file final-v6.cif (mmCIF, C-alpha atoms)
data_protein
#
loop_
_atom_site.group_PDB
_atom_site.id
_atom_site.type_symbol
_atom_site.label_atom_id
_atom_site.label_comp_id
_atom_site.auth_asym_id
_atom_site.auth_seq_id
_atom_site.Cartn_x
_atom_site.Cartn_y
_atom_site.Cartn_z
ATOM 1 C CA MET A 1 102.795 88.893 109.468
ATOM 2 C CA VAL A 2 103.938 92.383 108.517
ATOM 3 C CA LEU A 3 107.543 92.004 107.419
ATOM 4 C CA ILE A 4 108.172 95.419 105.824
ATOM 5 C CA ASP A 5 106.654 97.985 108.179
ATOM 6 C CA ASP A 6 107.552 101.598 108.986
ATOM 7 C CA GLN A 7 110.105 100.574 111.625
ATOM 8 C CA LYS A 8 111.865 98.236 109.199
ATOM 9 C CA LEU A 9 111.984 101.007 106.587
ATOM 10 C CA ILE A 10 113.403 103.527 109.051
ATOM 11 C CA ALA A 11 115.993 101.051 110.324
ATOM 12 C CA VAL A 12 117.274 100.230 106.827
ATOM 13 C CA ALA A 13 117.386 103.937 105.903
ATOM 14 C CA LEU A 14 119.461 104.671 109.010
ATOM 15 C CA GLU A 15 121.853 101.851 108.094
ATOM 16 C CA VAL A 16 122.249 102.886 104.461
ATOM 17 C CA TYR A 17 122.315 106.674 104.793
ATOM 18 C CA GLY A 18 123.217 107.272 108.441
ATOM 19 C CA GLY A 19 125.963 104.717 108.961
ATOM 20 C CA PHE A 20 124.224 103.098 111.939
ATOM 21 C CA SER A 21 124.849 99.462 112.781
ATOM 22 C CA GLU A 22 121.923 97.115 112.211
ATOM 23 C CA SER A 23 121.264 96.705 115.936
ATOM 24 C CA LYS A 24 121.441 100.441 116.682
ATOM 25 C CA ALA A 25 119.316 101.322 113.661
ATOM 26 C CA THR A 26 116.661 98.859 114.812
ATOM 27 C CA LYS A 27 116.616 100.352 118.311
ATOM 28 C CA VAL A 28 116.329 103.890 116.941
ATOM 29 C CA SER A 29 113.549 102.903 114.529
ATOM 30 C CA TYR A 30 111.302 101.977 117.448
ATOM 31 C CA LEU A 31 111.363 105.589 118.584
ATOM 32 C CA PHE A 32 108.848 106.243 115.802
ATOM 33 C CA ASN A 33 105.317 104.948 115.323
ATOM 34 C CA ARG A 34 105.116 106.045 111.689
ATOM 35 C CA THR A 35 107.393 107.103 108.861
ATOM 36 C CA GLU A 36 105.731 110.519 109.028
ATOM 37 C CA ASP A 37 106.998 110.931 112.598
ATOM 38 C CA PHE A 38 110.525 110.139 111.445
ATOM 39 C CA LEU A 39 110.391 112.603 108.565
ATOM 40 C CA ASN A 40 109.206 115.420 110.850
ATOM 41 C CA VAL A 41 111.300 114.698 113.942
ATOM 42 C CA THR A 42 113.181 117.598 115.525
ATOM 43 C CA ARG A 43 116.394 117.742 117.534
ATOM 44 C CA GLU A 44 114.414 118.736 120.632
ATOM 45 C CA GLN A 45 112.214 115.665 120.320
ATOM 46 C CA LEU A 46 115.222 113.374 119.942
ATOM 47 C CA LEU A 47 116.770 114.760 123.110
ATOM 48 C CA SER A 48 113.793 113.594 125.167
ATOM 49 C CA ILE A 49 112.156 110.962 122.982
ATOM 50 C CA LYS A 50 111.091 107.577 124.331
ATOM 51 C CA THR A 51 110.479 104.257 122.631
ATOM 52 C CA VAL A 52 107.006 102.912 121.932
ATOM 53 C CA SER A 53 107.313 100.957 125.188
ATOM 54 C CA GLY A 54 108.055 104.168 127.087
ATOM 55 C CA SER A 55 111.732 103.665 127.942
ATOM 56 C CA ASN A 56 114.350 106.341 127.335
ATOM 57 C CA VAL A 57 116.984 105.907 124.642
ATOM 58 C CA ARG A 58 120.408 107.501 124.921
ATOM 59 C CA LEU A 59 121.547 109.228 121.734
ATOM 60 C CA SER A 60 124.823 111.050 121.268
ATOM 61 C CA GLY A 61 124.961 114.438 119.572
ATOM 62 C CA ASP A 62 126.480 112.813 116.479
ATOM 63 C CA GLU A 63 123.731 110.178 116.343
ATOM 64 C CA ILE A 64 121.058 112.852 116.603
ATOM 65 C CA ASP A 65 122.735 114.798 113.774
ATOM 66 C CA ARG A 66 122.745 111.690 111.574
ATOM 67 C CA ILE A 67 119.105 110.884 112.310
ATOM 68 C CA ILE A 68 118.080 114.432 111.377
ATOM 69 C CA GLN A 69 120.245 114.294 108.247
ATOM 70 C CA VAL A 70 118.616 111.063 107.056
ATOM 71 C CA SER A 71 115.091 112.258 107.857
ATOM 72 C CA ARG A 72 115.666 115.452 105.806
ATOM 73 C CA SER A 73 117.640 113.859 102.961
ATOM 74 C CA GLY A 74 114.646 113.140 100.751
ATOM 75 C CA LYS A 75 115.708 109.504 100.431
ATOM 76 C CA VAL A 76 112.572 108.464 102.300
ATOM 77 C CA ARG A 77 109.669 110.284 100.676
ATOM 78 C CA ALA A 78 106.254 111.153 102.068
ATOM 79 C CA ASP A 79 104.632 110.643 98.646
ATOM 80 C CA ARG A 80 105.616 106.959 98.568
ATOM 81 C CA ASP A 81 104.110 104.133 100.571
ATOM 82 C CA THR A 82 106.235 102.032 102.916
ATOM 83 C CA ALA A 83 106.953 99.306 100.357
ATOM 84 C CA GLN A 84 108.038 101.785 97.663
ATOM 85 C CA ASN A 85 110.319 103.605 100.093
ATOM 86 C CA TYR A 86 111.808 100.328 101.280
ATOM 87 C CA ILE A 87 112.418 99.199 97.697
ATOM 88 C CA SER A 88 114.134 102.515 96.932
ATOM 89 C CA VAL A 89 116.438 102.260 99.959
ATOM 90 C CA VAL A 90 117.493 98.641 99.345
ATOM 91 C CA THR A 91 117.994 99.415 95.640
ATOM 92 C CA ASP A 92 120.190 102.369 96.552
ATOM 93 C CA ARG A 93 122.212 100.086 98.840
ATOM 94 C CA PHE A 94 122.510 97.422 96.132
ATOM 95 C CA ILE A 95 123.774 99.919 93.536
ATOM 96 C CA ARG A 96 126.252 101.563 95.902
ATOM 97 C CA ARG A 97 127.672 98.193 96.922
ATOM 98 C CA GLN A 98 128.243 97.304 93.268
ATOM 99 C CA ILE A 99 129.969 100.642 92.701
ATOM 100 C CA GLU A 100 132.168 100.081 95.746
ATOM 101 C CA ASN A 101 133.078 96.568 94.605
ATOM 102 C CA ILE A 102 134.007 97.809 91.131
ATOM 103 C CA ARG A 103 136.083 100.677 92.514
ATOM 104 C CA ASN A 104 137.963 98.192 94.690
ATOM 105 C CA ILE A 105 139.012 96.001 91.754
ATOM 106 C CA SER A 106 142.802 95.850 91.491
ATOM 107 C CA LEU A 107 145.288 93.892 89.419
ATOM 108 C CA GLU A 108 146.004 91.671 92.409
ATOM 109 C CA LYS A 109 142.308 90.886 92.900
ATOM 110 C CA LEU A 110 141.813 90.402 89.168
ATOM 111 C CA ASN A 111 144.673 87.915 88.738
ATOM 112 C CA PRO A 112 144.085 87.328 84.972
ATOM 113 C CA ASN A 113 144.282 83.721 83.802
ATOM 114 C CA PRO A 114 147.220 83.360 81.347
ATOM 115 C CA PHE A 115 145.598 80.358 79.635
ATOM 116 C CA ILE A 116 142.472 82.389 78.865
ATOM 117 C CA ALA A 117 144.690 85.198 77.593
ATOM 118 C CA LYS A 118 146.392 82.924 75.081
ATOM 119 C CA SER A 119 143.282 80.903 74.183
ATOM 120 C CA LEU A 120 141.157 83.976 73.427
ATOM 121 C CA ASN A 121 143.908 86.011 71.754
ATOM 122 C CA LEU A 122 143.928 88.741 74.410
ATOM 123 C CA ASN A 123 147.250 90.131 73.280
ATOM 124 C CA SER A 124 147.159 93.691 74.613
ATOM 125 C CA PRO A 125 146.988 94.849 78.241
ATOM 126 C CA ARG A 126 143.734 96.681 77.509
ATOM 127 C CA GLU A 127 142.083 93.570 76.051
ATOM 128 C CA LEU A 128 143.278 91.360 78.874
ATOM 129 C CA ILE A 129 142.186 93.747 81.619
ATOM 130 C CA GLU A 130 138.882 94.705 79.998
ATOM 131 C CA PHE A 131 137.840 91.063 79.633
ATOM 132 C CA ASN A 132 138.694 90.242 83.244
ATOM 133 C CA VAL A 133 137.244 93.402 84.815
ATOM 134 C CA TYR A 134 133.913 92.870 83.068
ATOM 135 C CA ALA A 135 133.903 89.185 84.027
ATOM 136 C CA LEU A 136 134.610 89.940 87.700
ATOM 137 C CA ALA A 137 132.139 92.839 87.900
ATOM 138 C CA ILE A 138 129.331 90.868 86.279
ATOM 139 C CA ARG A 139 129.990 87.815 88.453
ATOM 140 C CA SER A 140 129.845 89.986 91.578
ATOM 141 C CA ILE A 141 126.594 91.661 90.508
ATOM 142 C CA VAL A 142 124.919 88.351 89.645
ATOM 143 C CA THR A 143 125.999 86.879 93.004
ATOM 144 C CA SER A 144 124.483 89.837 94.881
ATOM 145 C CA MET A 145 121.324 89.867 92.776
ATOM 146 C CA GLY A 146 119.703 86.938 94.558
ATOM 147 C CA PHE A 147 119.638 88.705 97.929
ATOM 148 C CA PHE A 148 118.435 91.912 96.291
ATOM 149 C CA ILE A 149 115.582 90.151 94.487
ATOM 150 C CA GLU A 150 114.557 88.524 97.776
ATOM 151 C CA HIS A 151 114.132 91.986 99.331
ATOM 152 C CA LEU A 152 111.955 93.044 96.399
ATOM 153 C CA LEU A 153 109.795 89.929 96.648
ATOM 154 C CA LEU A 154 109.314 90.356 100.386
ATOM 155 C CA SER A 155 108.097 93.904 99.716
ATOM 156 C CA THR A 156 105.164 92.745 97.607
ATOM 157 C CA SER A 157 102.666 92.096 100.392
ATOM 158 C CA ASP A 158 102.144 91.696 104.128
ATOM 159 C CA SER A 159 101.157 88.070 103.446
ATOM 160 C CA VAL A 160 104.621 87.175 102.107
ATOM 161 C CA GLU A 161 107.496 86.004 104.297
ATOM 162 C CA PRO A 162 110.775 84.061 104.059
ATOM 163 C CA VAL A 163 110.948 80.419 105.127
ATOM 164 C CA ASN A 164 113.771 78.200 106.363
ATOM 165 C CA SER A 165 112.588 74.864 104.996
ATOM 166 C CA GLY A 166 114.431 74.900 101.659
ATOM 167 C CA TRP A 167 111.795 77.094 100.027
ATOM 168 C CA ASP A 168 112.445 80.799 99.434
ATOM 169 C CA ILE A 169 109.050 82.439 99.919
ATOM 170 C CA LEU A 170 105.847 81.582 101.765
ATOM 171 C CA LYS A 171 102.543 83.293 101.032
ATOM 172 C CA ILE A 172 99.529 82.627 103.235
ATOM 173 C CA ASP A 173 96.292 83.640 101.528
ATOM 174 C CA GLN A 174 92.957 84.720 103.012
ATOM 175 C CA ASN A 175 91.825 81.097 103.208
ATOM 176 C CA ASN A 176 94.947 80.296 105.255
ATOM 177 C CA THR A 177 96.349 78.178 102.409
ATOM 178 C CA ARG A 178 100.125 78.062 102.470
ATOM 179 C CA HIS A 179 101.840 78.653 99.123
ATOM 180 C CA TYR A 180 105.522 77.658 99.070
ATOM 181 C CA ILE A 181 107.651 79.128 96.281
ATOM 182 C CA GLN A 182 111.151 78.301 95.099
ATOM 183 C CA VAL A 183 112.357 81.442 93.333
ATOM 184 C CA LYS A 184 114.676 81.465 90.321
ATOM 185 C CA SER A 185 116.156 84.740 89.103
ATOM 186 C CA GLY A 186 115.711 83.928 85.417
ATOM 187 C CA PRO A 187 114.094 81.478 82.987
ATOM 188 C CA ASN A 188 117.258 79.464 82.414
ATOM 189 C CA ASP A 189 118.540 78.769 85.935
ATOM 190 C CA MET A 190 117.558 75.109 86.437
ATOM 191 C CA ASP A 191 118.740 71.807 84.980
ATOM 192 C CA LYS A 192 116.943 68.462 84.749
ATOM 193 C CA ASP A 193 118.107 67.111 88.123
ATOM 194 C CA GLN A 194 117.089 70.300 89.931
ATOM 195 C CA ILE A 195 113.641 70.263 88.354
ATOM 196 C CA ILE A 196 113.087 66.607 89.271
ATOM 197 C CA GLY A 197 114.128 67.412 92.845
ATOM 198 C CA TRP A 198 111.679 70.294 93.096
ATOM 199 C CA ILE A 199 108.864 68.245 91.603
ATOM 200 C CA LYS A 200 109.258 65.918 94.608
ATOM 201 C CA MET A 201 109.265 68.914 96.980
ATOM 202 C CA ILE A 202 106.098 70.287 95.393
ATOM 203 C CA GLU A 203 104.375 66.900 95.616
ATOM 204 C CA GLU A 204 105.354 66.681 99.287
ATOM 205 C CA VAL A 205 103.772 70.018 100.274
ATOM 206 C CA GLU A 206 100.725 69.215 98.130
ATOM 207 C CA SER A 207 100.274 65.964 100.070
ATOM 208 C CA GLN A 208 100.036 68.115 103.212
ATOM 209 C CA GLY A 209 97.257 70.241 101.737
ATOM 210 C CA HIS A 210 99.470 73.164 100.714
ATOM 211 C CA ARG A 211 100.597 74.468 97.312
ATOM 212 C CA GLY A 212 104.100 74.488 95.863
ATOM 213 C CA TYR A 213 105.509 76.428 92.925
ATOM 214 C CA ILE A 214 108.647 77.269 91.022
ATOM 215 C CA GLY A 215 108.634 81.041 90.570
ATOM 216 C CA VAL A 216 110.709 82.781 87.906
ATOM 217 C CA THR A 217 111.188 86.533 88.319
ATOM 218 C CA TYR A 218 111.121 87.345 84.615
ATOM 219 C CA GLY A 219 110.334 85.664 81.310
ATOM 220 C CA ARG A 220 107.291 84.339 79.461
ATOM 221 C CA ARG A 221 105.726 80.897 79.340
ATOM 222 C CA ASP A 222 106.372 80.628 75.613
ATOM 223 C CA ASN A 223 110.115 81.333 75.960
ATOM 224 C CA GLU A 224 112.100 78.441 74.476
ATOM 225 C CA THR A 225 114.782 78.374 77.178
ATOM 226 C CA VAL A 226 116.298 75.126 78.421
ATOM 227 C CA THR A 227 114.652 75.447 81.848
ATOM 228 C CA LEU A 228 111.160 76.261 80.610
ATOM 229 C CA THR A 229 111.351 73.522 77.989
ATOM 230 C CA LEU A 230 112.311 71.013 80.699
ATOM 231 C CA LEU A 231 109.516 72.233 82.974
ATOM 232 C CA ARG A 232 106.968 71.702 80.220
ATOM 233 C CA LYS A 233 108.357 68.218 79.572
ATOM 234 C CA LEU A 234 108.952 66.932 83.100
ATOM 235 C CA MET A 235 106.356 68.577 85.349
ATOM 236 C CA ASP A 236 102.716 67.441 85.308
ATOM 237 C CA ASN A 237 100.320 70.395 85.448
ATOM 238 C CA TRP A 238 103.305 72.692 85.044
ATOM 239 C CA GLU A 239 101.037 75.669 84.335
ATOM 240 C CA LYS A 240 99.541 75.387 87.848
ATOM 241 C CA ARG A 241 102.855 74.686 89.571
ATOM 242 C CA THR A 242 104.852 77.559 88.105
ATOM 243 C CA LEU A 243 104.645 81.343 88.294
ATOM 244 C CA ILE A 244 106.518 82.939 85.394
ATOM 245 C CA GLY A 245 107.459 86.609 85.168
ATOM 246 C CA ARG A 246 104.580 88.974 85.899
ATOM 247 C CA GLU A 247 102.511 86.040 87.195
ATOM 248 C CA LEU A 248 104.863 85.767 90.192
ATOM 249 C CA TRP A 249 104.719 89.457 91.103
ATOM 250 C CA ASP A 250 100.949 89.657 90.609
ATOM 251 C CA PHE A 251 100.383 86.522 92.697
ATOM 252 C CA LEU A 252 102.503 87.724 95.606
ATOM 253 C CA SER A 253 101.296 91.344 95.608
ATOM 254 C CA GLU A 254 97.676 90.726 94.556
ATOM 255 C CA ASP A 255 98.071 94.066 92.793
ATOM 256 C CA PRO A 256 98.352 94.207 88.972
ATOM 257 C CA THR A 257 100.035 97.624 89.220
ATOM 258 C CA PHE A 258 102.762 96.542 91.648
ATOM 259 C CA LEU A 259 105.336 95.379 89.089
ATOM 260 C CA ASP A 260 105.052 98.561 87.013
ATOM 261 C CA ARG A 261 105.431 100.709 90.132
ATOM 262 C CA LEU A 262 108.388 98.582 91.214
ATOM 263 C CA LEU A 263 110.168 99.092 87.890
ATOM 264 C CA GLU A 264 109.550 102.842 88.065
ATOM 265 C CA THR A 265 110.987 102.991 91.584
ATOM 266 C CA LEU A 266 114.074 101.040 90.459
ATOM 267 C CA LYS A 267 114.543 103.485 87.580
ATOM 268 C CA GLU A 268 114.163 106.571 89.786
ATOM 269 C CA THR A 269 116.599 105.214 92.361
ATOM 270 C CA ALA A 270 119.180 104.279 89.732
ATOM 271 C CA LEU A 271 119.000 107.818 88.322
ATOM 272 C CA SER A 272 119.489 109.296 91.782
ATOM 273 C CA VAL A 273 122.656 107.238 92.328
ATOM 274 C CA LEU A 274 124.132 106.941 88.824
ATOM 275 C CA ASN A 275 122.709 110.171 87.350
ATOM 276 C CA THR A 276 122.409 109.816 83.566
ATOM 277 C CA GLY A 277 125.112 107.147 83.334
ATOM 278 C CA SER A 278 125.005 103.450 84.116
ATOM 279 C CA ILE A 279 127.128 100.913 85.961
ATOM 280 C CA LEU A 280 129.080 100.499 82.709
ATOM 281 C CA ASN A 281 130.665 103.902 83.332
ATOM 282 C CA GLU A 282 132.107 102.608 86.605
ATOM 283 C CA ILE A 283 133.367 99.455 84.911
ATOM 284 C CA GLU A 284 135.083 101.453 82.158
ATOM 285 C CA VAL A 285 136.818 103.654 84.750
ATOM 286 C CA ALA A 286 138.027 100.490 86.495
ATOM 287 C CA VAL A 287 139.319 99.112 83.178
ATOM 288 C CA GLU A 288 141.366 102.266 82.570
ATOM 289 C CA ARG A 289 142.732 102.314 86.106
ATOM 290 C CA VAL A 290 143.732 98.639 86.232
ATOM 291 C CA THR A 291 145.153 98.745 82.700
ATOM 292 C CA LYS A 292 147.480 101.532 83.845
ATOM 293 C CA GLU A 293 148.404 99.468 86.889
ATOM 294 C CA PHE A 294 149.199 96.559 84.563
ATOM 295 C CA THR A 295 151.289 98.546 82.073
ATOM 296 C CA ASP A 296 153.220 100.313 84.834
ATOM 297 C CA ARG A 297 154.262 96.922 86.135
ATOM 298 C CA PHE A 298 154.590 94.746 83.033
ATOM 299 C CA GLY A 299 154.877 97.108 80.089
ATOM 300 C CA ARG A 300 152.749 98.078 77.133
ATOM 301 C CA ASP A 301 151.437 96.307 74.050
ATOM 302 C CA GLU A 302 151.987 92.601 73.443
ATOM 303 C CA ASP A 303 155.260 92.604 75.354
ATOM 304 C CA GLY A 304 153.400 93.578 78.518
ATOM 305 C CA VAL A 305 151.133 90.544 78.227
ATOM 306 C CA LYS A 306 154.112 88.289 77.507
ATOM 307 C CA ASN A 307 155.912 89.631 80.581
ATOM 308 C CA TYR A 308 152.823 88.997 82.707
ATOM 309 C CA ILE A 309 152.458 85.431 81.494
ATOM 310 C CA ARG A 310 156.171 84.782 81.996
ATOM 311 C CA GLU A 311 156.000 86.014 85.596
ATOM 312 C CA THR A 312 152.771 84.143 86.312
ATOM 313 C CA LEU A 313 153.899 80.792 84.956
ATOM 314 C CA GLY A 314 157.598 81.068 85.733
#
call {"tool": "encode", "arguments": {"input": "final-v6.cif", "output": "structure tokens"}}
result
Amino acid sequence: MVLIDDQKLIAVALEVYGGFSESKATKVSYLFNRTEDFLNVTREQLLSIKTVSGSNVRLSGDEIDRIIQVSRSGKVRADRDTAQNYISVVTDRFIRRQIENIRNISLEKLNPNPFIAKSLNLNSPRELIEFNVYALAIRSIVTSMGFFIEHLLLSTSDSVEPVNSGWDILKIDQNNTRHYIQVKSGPNDMDKDQIIGWIKMIEEVESQGHRGYIGVTYGRRDNETVTLTLLRKLMDNWEKRTLIGRELWDFLSEDPTFLDRLLETLKETALSVLNTGSILNEIEVAVERVTKEFTDRFGRDEDGVKNYIRETLG
């Protein structure tokens, strides 16, 4: 099963950079057999182009302009393979969504907790707002990270696909063996009860002649985290039932260079969106903006915080 093919890449690029809806982007993507055709398409071709099945597709002048704009933008590059281009596009989308979320933070959305303010000695508007903006921004990024990581994992190989049976990833190898993987973003994301539950799930798929694993996207086997310590203690043959860090990426991609190329693509895409800065620059701008919003409403210095708490608690 080829999950990330040229049509999927083109469709996502049209969504992210062209503003097309998912359904329209998918329809347009099937106008092209290859990414190369998309990158070299002309206005004249789009006026008379047909789908792979031979049917005509109606495109407005604005839609044609947006298709041409995306194809010439350099966001999809001829010197990258389909997986690398797809990773770059979904990374771009992930970063821009985080920027948008941060720029939309307001005092009303932040709603600082007065008990935390007093308990942690956050006595100035700047301290109170900075703590809460960082907390909200980080929570939002971590929440979105799971979906983003899934896109990266599904880009590793044509033999990898999502599953709907409680597992996250299924890989079918050349011997037609099914490898079910429960993916965890980091080496400290599971407690004892969760591990015991997944041991039972692994044993169940093994009884059916398949393989089951817990996959961790980063970390090392010798890390002394709570999760890895519990895995070593609770799971028989834990070395064969877990894929930790690079092991996971190498197993899925069957390419020892994939992870390094992935990290380079992430870096290049981040530079193209954030330039020489980082997401911290956006967070700091939000802190300044919301602090001003706070002081304009409640006042400066410690009195401003007191006024806020008084209004919040009555």
call {"tool": "closest_residue", "arguments": {"input": "final-v6.cif", "among": "A:Glu44, A:Arg66, A:Leu252, A:Val205", "to": "Gly18 in chain A", "atoms": "only C-alpha atoms"}}
result
A:Arg66
call {"tool": "residues_around", "arguments": {"input": "final-v6.cif", "residues": "range 130-134 of chain A", "least_positions_apart": "4", "cutoff": "8 Å", "atoms": "all atoms listed in the file", "output": "PDB file with C-alpha atoms, in the frame of the given file"}}
result
ATOM      1  CA  ILE A 105     139.012  96.001  91.754  1.00  0.00           C
ATOM      2  CA  LEU A 110     141.813  90.402  89.168  1.00  0.00           C
ATOM      3  CA  PRO A 112     144.085  87.328  84.972  1.00  0.00           C
ATOM      4  CA  ARG A 126     143.734  96.681  77.509  1.00  0.00           C
ATOM      5  CA  ILE A 138     129.331  90.868  86.279  1.00  0.00           C
ATOM      6  CA  ILE A 283     133.367  99.455  84.911  1.00  0.00           C
ATOM      7  CA  ALA A 286     138.027 100.490  86.495  1.00  0.00           C
ATOM      8  CA  VAL A 287     139.319  99.112  83.178  1.00  0.00           C
ATOM      9  CA  THR A 291     145.153  98.745  82.700  1.00  0.00           C
TER      10      THR A 291
END
call {"tool": "closest_residue", "arguments": {"input": "final-v6.cif", "among": "A:Ser71, A:Ile279, A:Ser272, A:Lys267", "to": "Arg97 in chain A", "atoms": "only C-alpha atoms"}}
result
A:Ile279
call {"tool": "residues_around", "arguments": {"input": "final-v6.cif", "residues": "Ile67 in chain A", "least_positions_apart": "5", "cutoff": "9 Å", "atoms": "only C-alpha atoms", "output": "VMD selection string"}}
result
chain A and resid 14 18 28 38 41 46 62 72
call {"tool": "resolve_selection", "arguments": {"input": "final-v6.cif", "expression": "the PyMOL selection byres ((chain A and resi 246) around 9)", "output": "MDAnalysis selection string"}}
result
chainID A and resid 216:220 243:245 247:251 256 259
call {"tool": "residues_around", "arguments": {"input": "final-v6.cif", "residues": "Met235 in chain A", "least_positions_apart": "5", "cutoff": "10 Å", "atoms": "only C-alpha atoms", "output": "number ranges by chain"}}
result
A: 195-196, 198-199, 230, 240-242
call {"tool": "write_last_selection", "arguments": {"input": "final-v6.cif", "atoms": "C-alpha atoms", "output": "PDB file, in the coordinates of the input"}}
result
ATOM      1  CA  ILE A 195     113.641  70.263  88.354  1.00  0.00           C
ATOM      2  CA  ILE A 196     113.087  66.607  89.271  1.00  0.00           C
ATOM      3  CA  TRP A 198     111.679  70.294  93.096  1.00  0.00           C
ATOM      4  CA  ILE A 199     108.864  68.245  91.603  1.00  0.00           C
ATOM      5  CA  LEU A 230     112.311  71.013  80.699  1.00  0.00           C
ATOM      6  CA  LYS A 240      99.541  75.387  87.848  1.00  0.00           C
ATOM      7  CA  ARG A 241     102.855  74.686  89.571  1.00  0.00           C
ATOM      8  CA  THR A 242     104.852  77.559  88.105  1.00  0.00           C
TER       9      THR A 242
END
call {"tool": "closest_residue", "arguments": {"input": "final-v6.cif", "among": "A:Asp191, A:Glu288, A:Val89, A:Ser48", "to": "Ile64 in chain A", "atoms": "all atoms listed in the file"}}
result
A:Ser48
call {"tool": "closest_residue", "arguments": {"input": "final-v6.cif", "among": "A:Ile116, A:Leu59, A:Ile4, A:Ile68", "to": "Ala83 in chain A", "atoms": "all atoms listed in the file"}}
result
A:Ile4
call {"tool": "residues_around", "arguments": {"input": "final-v6.cif", "residues": "Gly209 in chain A", "least_positions_apart": "2", "cutoff": "12 Å", "atoms": "only C-alpha atoms", "output": "MDAnalysis selection string"}}
result
chainID A and resid 176:180 202:207 211:212
call {"tool": "residues_around", "arguments": {"input": "final-v6.cif", "residues": "range 164-169 of chain A", "least_positions_apart": "5", "cutoff": "9 Å", "atoms": "only C-alpha atoms", "output": "PyMOL selection string"}}
result
chain A and resi 150+153-154+179-183
call {"tool": "atom_distance", "arguments": {"input": "final-v6.cif", "atom1": "CA of Pro162 in chain A", "atom2": "CA of Val226 in chain A"}}
result
27.7 Å
call {"tool": "atom_distance", "arguments": {"input": "final-v6.cif", "atom1": "CA of Ile95 in chain A", "atom2": "CA of Leu274 in chain A"}}
result
8.5 Å
call {"tool": "closest_residue", "arguments": {"input": "final-v6.cif", "among": "A:Val160, A:Val285, A:Leu313, A:Leu120", "to": "Asn104 in chain A", "atoms": "only C-alpha atoms"}}
result
A:Val285
call {"tool": "atom_distance", "arguments": {"input": "final-v6.cif", "atom1": "CA of Gly74 in chain A", "atom2": "CA of Thr269 in chain A"}}
result
11.7 Å
call {"tool": "resolve_selection", "arguments": {"input": "final-v6.cif", "expression": "the PyMOL selection byres ((chain A and resi 294-300) around 10)", "output": "PyMOL selection string"}}
result
chain A and resi 106-108+124-126+128-129+288-293+301-309+311
call {"tool": "resolve_selection", "arguments": {"input": "final-v6.cif", "expression": "the PyMOL selection byres ((chain A and resi 263) around 12)", "output": "list of chain:residue names"}}
result
A:Gln84, A:Ile87, A:Ser88, A:Thr91, A:Leu152, A:Arg246, A:Trp249, A:Thr257, A:Phe258, A:Leu259, A:Asp260, A:Arg261, A:Leu262, A:Glu264, A:Thr265, A:Leu266, A:Lys267, A:Glu268, A:Thr269, A:Ala270
